[in-house]
Every structure is written in structure tokens, then in C-alpha cells.
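Participant: Contents of coords_10.cif (mmCIF, N, CA, C and O atoms) are below:
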```
data_run
#
loop_
_atom_site.label_atom_id
_atom_site.label_comp_id
_atom_site.auth_asym_id
_atom_site.auth_seq_id
_atom_site.Cartn_x
_atom_site.Cartn_y
_atom_site.Cartn_z
N PRO U 181 92.40 88.66 116.94
CA PRO U 181 93.72 88.52 116.32
C PRO U 181 94.82 88.46 117.38
O PRO U 181 94.64 88.94 118.49
N THR U 182 95.94 87.89 117.00
CA THR U 182 97.08 87.86 117.91
C THR U 182 97.74 89.23 117.93
O THR U 182 97.47 90.09 117.10
N TYR U 183 98.64 89.40 118.88
CA TYR U 183 99.38 90.65 118.99
C TYR U 183 100.17 90.91 117.70
O TYR U 183 100.20 92.02 117.19
N LEU U 184 100.80 89.86 117.17
CA LEU U 184 101.56 89.98 115.93
C LEU U 184 100.65 90.41 114.78
O LEU U 184 100.99 91.32 114.01
N GLU U 185 99.49 89.78 114.66
CA GLU U 185 98.55 90.14 113.59
C GLU U 185 98.08 91.58 113.74
O GLU U 185 97.93 92.30 112.75
N ALA U 186 97.83 92.01 114.98
CA ALA U 186 97.35 93.37 115.23
C ALA U 186 98.43 94.39 114.83
O ALA U 186 98.12 95.39 114.18
N LEU U 187 99.67 94.15 115.23
CA LEU U 187 100.75 95.07 114.86
C LEU U 187 100.96 95.11 113.35
O LEU U 187 101.18 96.17 112.77
N THR U 188 100.88 93.95 112.72
CA THR U 188 101.05 93.86 111.28
C THR U 188 99.96 94.64 110.55
O THR U 188 100.24 95.42 109.63
N ALA U 189 98.73 94.46 110.99
CA ALA U 189 97.59 95.14 110.36
C ALA U 189 97.66 96.64 110.59
O ALA U 189 97.43 97.44 109.67
N ARG U 190 98.01 97.03 111.82
CA ARG U 190 98.09 98.46 112.11
C ARG U 190 99.24 99.11 111.33
O ARG U 190 99.11 100.21 110.81
N GLY U 191 100.36 98.39 111.24
CA GLY U 191 101.49 98.90 110.46
C GLY U 191 101.10 99.12 109.00
O GLY U 191 101.44 100.13 108.40
N ALA U 192 100.38 98.15 108.44
CA ALA U 192 99.93 98.28 107.05
C ALA U 192 98.95 99.44 106.90
O ALA U 192 98.99 100.17 105.90
N ALA U 193 98.09 99.63 107.89
CA ALA U 193 97.13 100.74 107.84
C ALA U 193 97.86 102.08 107.91
O ALA U 193 97.53 103.00 107.15
N PHE U 194 98.84 102.19 108.80
CA PHE U 194 99.63 103.42 108.86
C PHE U 194 100.31 103.69 107.53
O PHE U 194 100.37 104.83 107.06
N LEU U 195 100.85 102.65 106.92
CA LEU U 195 101.53 102.81 105.63
C LEU U 195 100.55 103.33 104.57
O LEU U 195 100.90 104.19 103.77
N ALA U 196 99.34 102.80 104.59
CA ALA U 196 98.33 103.18 103.60
C ALA U 196 97.94 104.65 103.69
O ALA U 196 97.52 105.25 102.70
N VAL U 197 98.07 105.24 104.88
CA VAL U 197 97.71 106.65 105.04
C VAL U 197 98.95 107.53 105.20
O VAL U 197 98.90 108.62 105.75
N ASN U 198 100.08 107.02 104.69
CA ASN U 198 101.34 107.76 104.65
C ASN U 198 101.86 108.20 106.02
O ASN U 198 102.49 109.24 106.15
N GLN U 199 101.61 107.38 107.04
CA GLN U 199 102.21 107.60 108.35
C GLN U 199 103.38 106.62 108.49
O GLN U 199 103.32 105.64 109.24
N SER U 200 104.42 106.89 107.73
CA SER U 200 105.53 105.95 107.58
C SER U 200 106.27 105.68 108.88
O SER U 200 106.67 104.54 109.14
N GLN U 201 106.47 106.69 109.71
CA GLN U 201 107.18 106.47 110.97
C GLN U 201 106.40 105.53 111.88
O GLN U 201 106.96 104.61 112.47
N ASN U 202 105.09 105.75 111.99
CA ASN U 202 104.26 104.86 112.80
C ASN U 202 104.24 103.45 112.22
O ASN U 202 104.29 102.47 112.96
N ALA U 203 104.17 103.35 110.90
CA ALA U 203 104.20 102.04 110.25
C ALA U 203 105.50 101.34 110.56
O ALA U 203 105.51 100.15 110.94
N TYR U 204 106.60 102.05 110.42
CA TYR U 204 107.92 101.47 110.69
C TYR U 204 108.00 100.96 112.13
O TYR U 204 108.47 99.84 112.37
N GLN U 205 107.53 101.74 113.07
CA GLN U 205 107.59 101.33 114.48
C GLN U 205 106.78 100.07 114.74
O GLN U 205 107.25 99.14 115.40
N ASP U 206 105.55 100.02 114.24
CA ASP U 206 104.71 98.83 114.46
C ASP U 206 105.30 97.60 113.79
O ASP U 206 105.33 96.52 114.38
N LEU U 207 105.76 97.75 112.56
CA LEU U 207 106.29 96.61 111.82
C LEU U 207 107.60 96.12 112.43
O LEU U 207 107.85 94.91 112.50
N THR U 208 108.41 97.03 112.91
CA THR U 208 109.65 96.65 113.58
C THR U 208 109.34 95.90 114.87
O THR U 208 109.98 94.88 115.18
N GLN U 209 108.35 96.36 115.60
CA GLN U 209 107.95 95.67 116.83
C GLN U 209 107.40 94.28 116.52
O GLN U 209 107.70 93.32 117.23
N ALA U 210 106.62 94.17 115.46
CA ALA U 210 106.09 92.86 115.07
C ALA U 210 107.21 91.90 114.73
O ALA U 210 107.21 90.74 115.16
N ILE U 211 108.20 92.36 113.97
CA ILE U 211 109.33 91.51 113.59
C ILE U 211 110.15 91.14 114.82
O ILE U 211 110.58 90.00 114.97
N ALA U 212 110.35 92.09 115.74
CA ALA U 212 111.11 91.82 116.96
C ALA U 212 110.41 90.78 117.83
O ALA U 212 111.07 89.95 118.46
N ASN U 213 109.09 90.81 117.84
CA ASN U 213 108.32 89.87 118.66
C ASN U 213 108.20 88.50 118.01
O ASN U 213 107.79 87.54 118.67
N ALA U 214 108.49 88.40 116.73
CA ALA U 214 108.41 87.13 116.01
C ALA U 214 109.62 87.02 115.08
O ALA U 214 109.48 87.07 113.85
N PRO U 215 110.83 86.89 115.65
CA PRO U 215 112.05 86.93 114.83
C PRO U 215 112.16 85.81 113.80
O PRO U 215 112.92 85.93 112.85
N THR U 216 111.36 84.77 113.94
CA THR U 216 111.42 83.68 112.96
C THR U 216 110.27 83.76 111.95
O THR U 216 110.04 82.82 111.20
N THR U 217 109.60 84.90 111.91
CA THR U 217 108.47 85.03 110.99
C THR U 217 108.91 84.85 109.54
O THR U 217 110.01 85.24 109.15
N THR U 218 108.05 84.24 108.78
CA THR U 218 108.30 84.05 107.35
C THR U 218 107.23 84.77 106.52
O THR U 218 106.95 84.39 105.39
N ASP U 219 106.65 85.81 107.10
CA ASP U 219 105.61 86.58 106.42
C ASP U 219 106.28 87.65 105.55
O ASP U 219 106.78 88.64 106.07
N PRO U 220 106.30 87.46 104.23
CA PRO U 220 106.98 88.43 103.37
C PRO U 220 106.35 89.82 103.41
O PRO U 220 107.04 90.83 103.25
N GLU U 221 105.05 89.88 103.66
CA GLU U 221 104.36 91.17 103.66
C GLU U 221 104.88 92.08 104.77
O GLU U 221 104.98 93.30 104.60
N LEU U 222 105.24 91.50 105.89
CA LEU U 222 105.81 92.27 107.00
C LEU U 222 107.08 92.99 106.56
O LEU U 222 107.24 94.19 106.77
N PHE U 223 107.97 92.24 105.92
CA PHE U 223 109.23 92.82 105.47
C PHE U 223 109.02 93.78 104.30
O PHE U 223 109.69 94.81 104.22
N TYR U 224 108.09 93.44 103.42
CA TYR U 224 107.80 94.32 102.28
C TYR U 224 107.31 95.67 102.79
O TYR U 224 107.82 96.73 102.40
N ASN U 225 106.32 95.63 103.69
CA ASN U 225 105.75 96.88 104.18
C ASN U 225 106.78 97.70 104.96
O ASN U 225 106.83 98.92 104.83
N ARG U 226 107.60 97.03 105.77
CA ARG U 226 108.62 97.79 106.50
C ARG U 226 109.64 98.37 105.52
O ARG U 226 110.12 99.49 105.72
N GLY U 227 109.96 97.63 104.47
CA GLY U 227 110.86 98.15 103.45
C GLY U 227 110.31 99.40 102.79
O GLY U 227 111.03 100.38 102.57
N VAL U 228 109.03 99.39 102.48
CA VAL U 228 108.39 100.57 101.88
C VAL U 228 108.43 101.74 102.87
O VAL U 228 108.74 102.87 102.49
N ALA U 229 108.13 101.46 104.14
CA ALA U 229 108.17 102.52 105.15
C ALA U 229 109.57 103.10 105.25
O ALA U 229 109.75 104.32 105.30
N ARG U 230 110.57 102.23 105.27
CA ARG U 230 111.96 102.71 105.36
C ARG U 230 112.32 103.56 104.14
O ARG U 230 113.00 104.59 104.28
N ALA U 231 111.89 103.14 102.97
CA ALA U 231 112.18 103.91 101.76
C ALA U 231 111.56 105.30 101.85
O ALA U 231 112.19 106.30 101.52
N ARG U 232 110.34 105.37 102.34
CA ARG U 232 109.66 106.66 102.47
C ARG U 232 110.34 107.54 103.51
O ARG U 232 110.25 108.76 103.43
N LEU U 233 111.00 106.92 104.48
CA LEU U 233 111.70 107.68 105.52
C LEU U 233 113.13 108.02 105.12
O LEU U 233 113.86 108.64 105.89
N GLY U 234 113.54 107.59 103.92
CA GLY U 234 114.87 107.92 103.42
C GLY U 234 115.96 106.92 103.79
O GLY U 234 117.14 107.18 103.56
N ASP U 235 115.58 105.79 104.36
CA ASP U 235 116.55 104.74 104.74
C ASP U 235 116.64 103.71 103.62
O ASP U 235 116.09 102.62 103.72
N ASP U 236 117.33 104.08 102.55
CA ASP U 236 117.39 103.19 101.38
C ASP U 236 118.11 101.87 101.67
O ASP U 236 117.69 100.82 101.19
N ALA U 237 119.17 101.92 102.49
CA ALA U 237 119.90 100.69 102.80
C ALA U 237 119.02 99.73 103.61
O ALA U 237 118.97 98.53 103.33
N GLY U 238 118.31 100.26 104.59
CA GLY U 238 117.40 99.43 105.38
C GLY U 238 116.25 98.92 104.54
O GLY U 238 115.82 97.77 104.67
N ALA U 239 115.75 99.77 103.66
CA ALA U 239 114.67 99.37 102.76
C ALA U 239 115.12 98.21 101.87
O ALA U 239 114.39 97.23 101.70
N ARG U 240 116.32 98.32 101.33
CA ARG U 240 116.83 97.26 100.46
C ARG U 240 116.94 95.94 101.21
O ARG U 240 116.57 94.90 100.70
N ARG U 241 117.45 95.98 102.45
CA ARG U 241 117.56 94.75 103.25
C ARG U 241 116.19 94.10 103.47
O ARG U 241 116.03 92.89 103.30
N ASP U 242 115.21 94.92 103.85
CA ASP U 242 113.87 94.37 104.09
C ASP U 242 113.25 93.84 102.80
O ASP U 242 112.62 92.78 102.80
N LEU U 243 113.42 94.57 101.72
CA LEU U 243 112.82 94.13 100.45
C LEU U 243 113.51 92.87 99.92
O LEU U 243 112.84 92.00 99.35
N GLU U 244 114.82 92.75 100.13
CA GLU U 244 115.50 91.52 99.74
C GLU U 244 114.97 90.33 100.53
O GLU U 244 114.77 89.25 99.99
N ARG U 245 114.74 90.55 101.83
CA ARG U 245 114.18 89.47 102.67
C ARG U 245 112.76 89.13 102.19
O ARG U 245 112.40 87.95 102.10
N ALA U 246 111.96 90.14 101.88
CA ALA U 246 110.61 89.90 101.39
C ALA U 246 110.64 89.11 100.09
O ALA U 246 109.89 88.14 99.92
N ALA U 247 111.53 89.49 99.17
CA ALA U 247 111.63 88.78 97.88
C ALA U 247 111.99 87.32 98.10
O ALA U 247 111.40 86.43 97.48
N GLU U 248 112.94 87.08 99.00
CA GLU U 248 113.36 85.71 99.31
C GLU U 248 112.18 84.89 99.86
O GLU U 248 111.97 83.75 99.45
N LEU U 249 111.41 85.49 100.75
CA LEU U 249 110.27 84.78 101.34
C LEU U 249 109.15 84.56 100.32
O LEU U 249 108.51 83.50 100.32
N TYR U 250 108.90 85.54 99.47
CA TYR U 250 107.90 85.35 98.41
C TYR U 250 108.31 84.19 97.50
O TYR U 250 107.47 83.38 97.11
N LEU U 251 109.59 84.12 97.16
CA LEU U 251 110.07 83.02 96.32
C LEU U 251 109.87 81.67 97.01
O LEU U 251 109.42 80.72 96.38
N GLN U 252 110.22 81.60 98.29
CA GLN U 252 110.06 80.36 99.04
C GLN U 252 108.61 79.90 99.06
O GLN U 252 108.34 78.71 99.04
N ARG U 253 107.69 80.84 99.09
CA ARG U 253 106.26 80.52 99.12
C ARG U 253 105.68 80.30 97.72
O ARG U 253 104.52 79.93 97.59
N GLY U 254 106.47 80.60 96.70
CA GLY U 254 105.97 80.45 95.34
C GLY U 254 104.98 81.53 94.95
O GLY U 254 104.14 81.33 94.09
N GLU U 255 105.09 82.71 95.58
CA GLU U 255 104.18 83.82 95.30
C GLU U 255 104.83 84.77 94.30
O GLU U 255 105.50 85.73 94.67
N ALA U 256 104.61 84.47 93.02
CA ALA U 256 105.26 85.24 91.96
C ALA U 256 104.85 86.71 91.95
O ALA U 256 105.68 87.59 91.73
N ALA U 257 103.58 86.99 92.19
CA ALA U 257 103.11 88.38 92.14
C ALA U 257 103.79 89.22 93.23
O ALA U 257 104.24 90.34 92.97
N GLY U 258 103.89 88.69 94.43
CA GLY U 258 104.56 89.40 95.51
C GLY U 258 106.03 89.59 95.21
O GLY U 258 106.61 90.65 95.50
N TYR U 259 106.65 88.57 94.63
CA TYR U 259 108.06 88.66 94.27
C TYR U 259 108.29 89.77 93.25
O TYR U 259 109.17 90.61 93.41
N ARG U 260 107.45 89.81 92.20
CA ARG U 260 107.58 90.84 91.17
C ARG U 260 107.34 92.24 91.74
O ARG U 260 108.06 93.19 91.42
N GLN U 261 106.35 92.36 92.59
CA GLN U 261 106.04 93.65 93.21
C GLN U 261 107.23 94.13 94.04
O GLN U 261 107.59 95.31 94.02
N THR U 262 107.88 93.21 94.74
CA THR U 262 109.03 93.56 95.56
C THR U 262 110.21 93.99 94.69
O THR U 262 110.88 94.98 95.00
N LEU U 263 110.44 93.29 93.60
CA LEU U 263 111.53 93.67 92.69
C LEU U 263 111.28 95.07 92.10
O LEU U 263 112.22 95.86 91.96
N THR U 264 110.04 95.35 91.77
CA THR U 264 109.68 96.68 91.25
C THR U 264 109.98 97.75 92.28
O THR U 264 110.56 98.79 91.97
N GLN U 265 109.60 97.47 93.53
CA GLN U 265 109.87 98.43 94.60
C GLN U 265 111.36 98.64 94.79
O GLN U 265 111.83 99.76 94.97
N MET U 266 112.13 97.56 94.73
CA MET U 266 113.58 97.66 94.89
C MET U 266 114.21 98.48 93.78
O MET U 266 115.17 99.23 94.01
N SER U 267 113.69 98.38 92.58
CA SER U 267 114.26 99.10 91.45
C SER U 267 114.07 100.61 91.59
O SER U 267 114.72 101.39 90.90
N GLN U 268 113.18 101.03 92.47
CA GLN U 268 112.91 102.45 92.67
C GLN U 268 113.78 103.07 93.76
O GLN U 268 113.69 104.27 94.00
N LEU U 269 114.61 102.26 94.39
CA LEU U 269 115.48 102.79 95.45
C LEU U 269 116.68 103.50 94.84
O LEU U 269 117.17 103.16 93.82
#
```
Output the file's structure in the form of C-alpha cells.
Facilitator:
Amino acid sequence: PTYLEALTARGAAFLAVNQSQNAYQDLTQAIANAPTTTDPELFYNRGVARARLGDDAGARRDLERAAELYLQRGEAAGYRQTLTQMSQL
């Protein structure tokens, strides 16, 4: 895998085991290394990590970006999941 894929996967794994700070760090590094990324899952997962860390404003920004990217890709399920997550902020 590429460095971006590795950071993305590790960030998601950290999120799955409730290590939100580690997830946030990996996902932020992945986004910084690929500022033009259009991967909605990256922003969705970082948004969830931010929400768990109490950063509701940052979470909302990431989730809004994720929703926008899911819409662009025509991924209705991801879009709906993101809206559900946003409604919990």
C-alpha cells in the first residue's frame, strides 16, 4: 500500500478501537500529505474522531466535506451515514 493508504487504514483501525487521538493524528497526516484527496471516508473518519474528542466544530467541517464528496461520487449510503453522524453533534 501507499503511505496515504497505510495512514488511512491505520487511522480507521484506531477509530474502530476507540483510540480517537491516534486516529485523528493519522487521518490529519494523511489529509496533509494529499491535500487534493477526494476520499470521503478520510474526512468522515476524521470527523468522527474529532466528535469523540469534543471538537464539534471541526467534526462538522470534516463531515460536511465528507457529505459533499459522497454526493459527488453518487454514494447515497455514505451520504446518509454522514448526515446521521452530523445530526448527533
Participant: Might you spell out which residues the PyMOL selection byres (((chain U and resi 269 and name CA) around 12) and name CA) would select in the displayed file, as a list of chain:residue names?
Facilitator: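 That expression, the PyMOL selection byres (((chain U and resi 269 and name CA) around 12) and name CA), corresponds here to U:Gly227, U:Val228, U:Arg230, U:Ala231, U:Arg232, U:Leu233, U:Gly234, U:Asp235, U:Asp236, U:Ala237, U:Gly238, U:Ala239, U:Arg240, U:Arg241, U:Leu243, U:Thr262, U:Leu263, U:Thr264, U:Gln265, U:Met266, U:Ser267, U:Gln268.
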Participant: Take the residues just selected and output them with N, CA, C and O atoms as a JSON list (two decimals), keeping the file's coordinate frame.
Facilitator:
```
[["chain", "number", "residue", "atom", "x", "y", "z"],
["U", 227, "GLY", "N", 109.96, 97.63, 104.47],
["U", 227, "GLY", "CA", 110.86, 98.15, 103.45],
["U", 227, "GLY", "C", 110.31, 99.40, 102.79],
["U", 227, "GLY", "O", 111.03, 100.38, 102.57],
["U", 228, "VAL", "N", 109.03, 99.39, 102.48],
["U", 228, "VAL", "CA", 108.39, 100.57, 101.88],
["U", 228, "VAL", "C", 108.43, 101.74, 102.87],
["U", 228, "VAL", "O", 108.74, 102.87, 102.49],
["U", 230, "ARG", "N", 110.57, 102.23, 105.27],
["U", 230, "ARG", "CA", 111.96, 102.71, 105.36],
["U", 230, "ARG", "C", 112.32, 103.56, 104.14],
["U", 230, "ARG", "O", 113.00, 104.59, 104.28],
["U", 231, "ALA", "N", 111.89, 103.14, 102.97],
["U", 231, "ALA", "CA", 112.18, 103.91, 101.76],
["U", 231, "ALA", "C", 111.56, 105.30, 101.85],
["U", 231, "ALA", "O", 112.19, 106.30, 101.52],
["U", 232, "ARG", "N", 110.34, 105.37, 102.34],
["U", 232, "ARG", "CA", 109.66, 106.66, 102.47],
["U", 232, "ARG", "C", 110.34, 107.54, 103.51],
["U", 232, "ARG", "O", 110.25, 108.76, 103.43],
["U", 233, "LEU", "N", 111.00, 106.92, 104.48],
["U", 233, "LEU", "CA", 111.70, 107.68, 105.52],
["U", 233, "LEU", "C", 113.13, 108.02, 105.12],
["U", 233, "LEU", "O", 113.86, 108.64, 105.89],
["U", 234, "GLY", "N", 113.54, 107.59, 103.92],
["U", 234, "GLY", "CA", 114.87, 107.92, 103.42],
["U", 234, "GLY", "C", 115.96, 106.92, 103.79],
["U", 234, "GLY", "O", 117.14, 107.18, 103.56],
["U", 235, "ASP", "N", 115.58, 105.79, 104.36],
["U", 235, "ASP", "CA", 116.55, 104.74, 104.74],
["U", 235, "ASP", "C", 116.64, 103.71, 103.62],
["U", 235, "ASP", "O", 116.09, 102.62, 103.72],
["U", 236, "ASP", "N", 117.33, 104.08, 102.55],
["U", 236, "ASP", "CA", 117.39, 103.19, 101.38],
["U", 236, "ASP", "C", 118.11, 101.87, 101.67],
["U", 236, "ASP", "O", 117.69, 100.82, 101.19],
["U", 237, "ALA", "N", 119.17, 101.92, 102.49],
["U", 237, "ALA", "CA", 119.90, 100.69, 102.80],
["U", 237, "ALA", "C", 119.02, 99.73, 103.61],
["U", 237, "ALA", "O", 118.97, 98.53, 103.33],
["U", 238, "GLY", "N", 118.31, 100.26, 104.59],
["U", 238, "GLY", "CA", 117.40, 99.43, 105.38],
["U", 238, "GLY", "C", 116.25, 98.92, 104.54],
["U", 238, "GLY", "O", 115.82, 97.77, 104.67],
["U", 239, "ALA", "N", 115.75, 99.77, 103.66],
["U", 239, "ALA", "CA", 114.67, 99.37, 102.76],
["U", 239, "ALA", "C", 115.12, 98.21, 101.87],
["U", 239, "ALA", "O", 114.39, 97.23, 101.70],
["U", 240, "ARG", "N", 116.32, 98.32, 101.33],
["U", 240, "ARG", "CA", 116.83, 97.26, 100.46],
["U", 240, "ARG", "C", 116.94, 95.94, 101.21],
["U", 240, "ARG", "O", 116.57, 94.90, 100.70],
["U", 241, "ARG", "N", 117.45, 95.98, 102.45],
["U", 241, "ARG", "CA", 117.56, 94.75, 103.25],
["U", 241, "ARG", "C", 116.19, 94.10, 103.47],
["U", 241, "ARG", "O", 116.03, 92.89, 103.30],
["U", 243, "LEU", "N", 113.42, 94.57, 101.72],
["U", 243, "LEU", "CA", 112.82, 94.13, 100.45],
["U", 243, "LEU", "C", 113.51, 92.87, 99.92],
["U", 243, "LEU", "O", 112.84, 92.00, 99.35],
["U", 262, "THR", "N", 107.88, 93.21, 94.74],
["U", 262, "THR", "CA", 109.03, 93.56, 95.56],
["U", 262, "THR", "C", 110.21, 93.99, 94.69],
["U", 262, "THR", "O", 110.88, 94.98, 95.00],
["U", 263, "LEU", "N", 110.44, 93.29, 93.60],
["U", 263, "LEU", "CA", 111.53, 93.67, 92.69],
["U", 263, "LEU", "C", 111.28, 95.07, 92.10],
["U", 263, "LEU", "O", 112.22, 95.86, 91.96],
["U", 264, "THR", "N", 110.04, 95.35, 91.77],
["U", 264, "THR", "CA", 109.68, 96.68, 91.25],
["U", 264, "THR", "C", 109.98, 97.75, 92.28],
["U", 264, "THR", "O", 110.56, 98.79, 91.97],
["U", 265, "GLN", "N", 109.60, 97.47, 93.53],
["U", 265, "GLN", "CA", 109.87, 98.43, 94.60],
["U", 265, "GLN", "C", 111.36, 98.64, 94.79],
["U", 265, "GLN", "O", 111.83, 99.76, 94.97],
["U", 266, "MET", "N", 112.13, 97.56, 94.73],
["U", 266, "MET", "CA", 113.58, 97.66, 94.89],
["U", 266, "MET", "C", 114.21, 98.48, 93.78],
["U", 266, "MET", "O", 115.17, 99.23, 94.01],
["U", 267, "SER", "N", 113.69, 98.38, 92.58],
["U", 267, "SER", "CA", 114.26, 99.10, 91.45],
["U", 267, "SER", "C", 114.07, 100.61, 91.59],
["U", 267, "SER", "O", 114.72, 101.39, 90.90],
["U", 268, "GLN", "N", 113.18, 101.03, 92.47],
["U", 268, "GLN", "CA", 112.91, 102.45, 92.67],
["U", 268, "GLN", "C", 113.78, 103.07, 93.76],
["U", 268, "GLN", "O", 113.69, 104.27, 94.00]]
```
Participant: When you count only C-alpha atoms, which of these residues is closest to Ala256 of chain U: U:Leu207, U:Pro220, U:Ser200, U:Thr182?
Facilitator: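 Residue with the minimum atom-to-atom distance to Ala256 of chain U: U:Pro220.
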Participant: Could you state the separation of atom CA of Tyr259 of chain U and atom CA of Ala246 of chain U in Å, given to one decimal place?
Facilitator: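 Here the two named atoms are 7.7 Å from each other.
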Participant: Would you write out, as a ChimeraX atom specification, every residue that the PyMOL selection byres (((chain U and resi 195 and name CA) around 10) and name CA) captures in this file?
Facilitator: /U:189-194,196-204,207,225-226,228-229,232
Participant: Please enclose the listed atoms of segment 254-266 of chain U in an axis-aligned box, pad each side by 8 Å, and write out the centre and the three edge lengths in Å, rounded to one decimal, as AutoDock Vina command-line options.
Facilitator:
```
--center_x 109.1 --center_y 90.1 --center_z 93.9 --size_x 28.1 --size_y 35.3 --size_z 21.5
```
Participant: To one decimal place in Å, what is the distance between atom CA of Gln209 of chain U and atom C of Ala186 of chain U?
Facilitator: 9.8 Å
Participant: Can you tell me how far atom N of Leu187 of chain U sits from atom CA of Phe223 of chain U, in Å to one decimal?
Facilitator: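 Atom CA of Phe223 of chain U lies 13.7 Å from atom N of Leu187 of chain U.
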Participant: Extract the full set of helix (DSSP H, G or I) residues from chain U according to DSSP on the backbone, and format it as a VMD selection string.
Facilitator: chain U and resid 183 to 196 200 to 213 220 to 232 236 to 253 256 to 267
Participant: Here is a test: counting only N, CA, C and O atoms, which residue of U:Ala210, U:Gly258, U:Asp242, U:Glu248 is nearest to Leu184 of chain U?
Facilitator: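 The closest residue to Leu184 of chain U is U:Ala210.
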Participant: I need the residue set behind the PyMOL selection byres ((chain U and resi 218) around 8) for this file; please write it as a list in words.
Facilitator: Ala214, Pro215, Thr216, Thr217, Asp219, Pro220, Glu221, Leu222, Phe223, Arg245, Ala246, Glu248, Leu249, Tyr250, Gln252 and Arg253 of chain U
Participant: Which of these residues is nearest to Ala247 of chain U, using all atoms listed in the file: U:Asn213, U:Gln261, U:Tyr183, U:Gln205?
Facilitator: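 The closest residue to Ala247 of chain U is U:Gln261.
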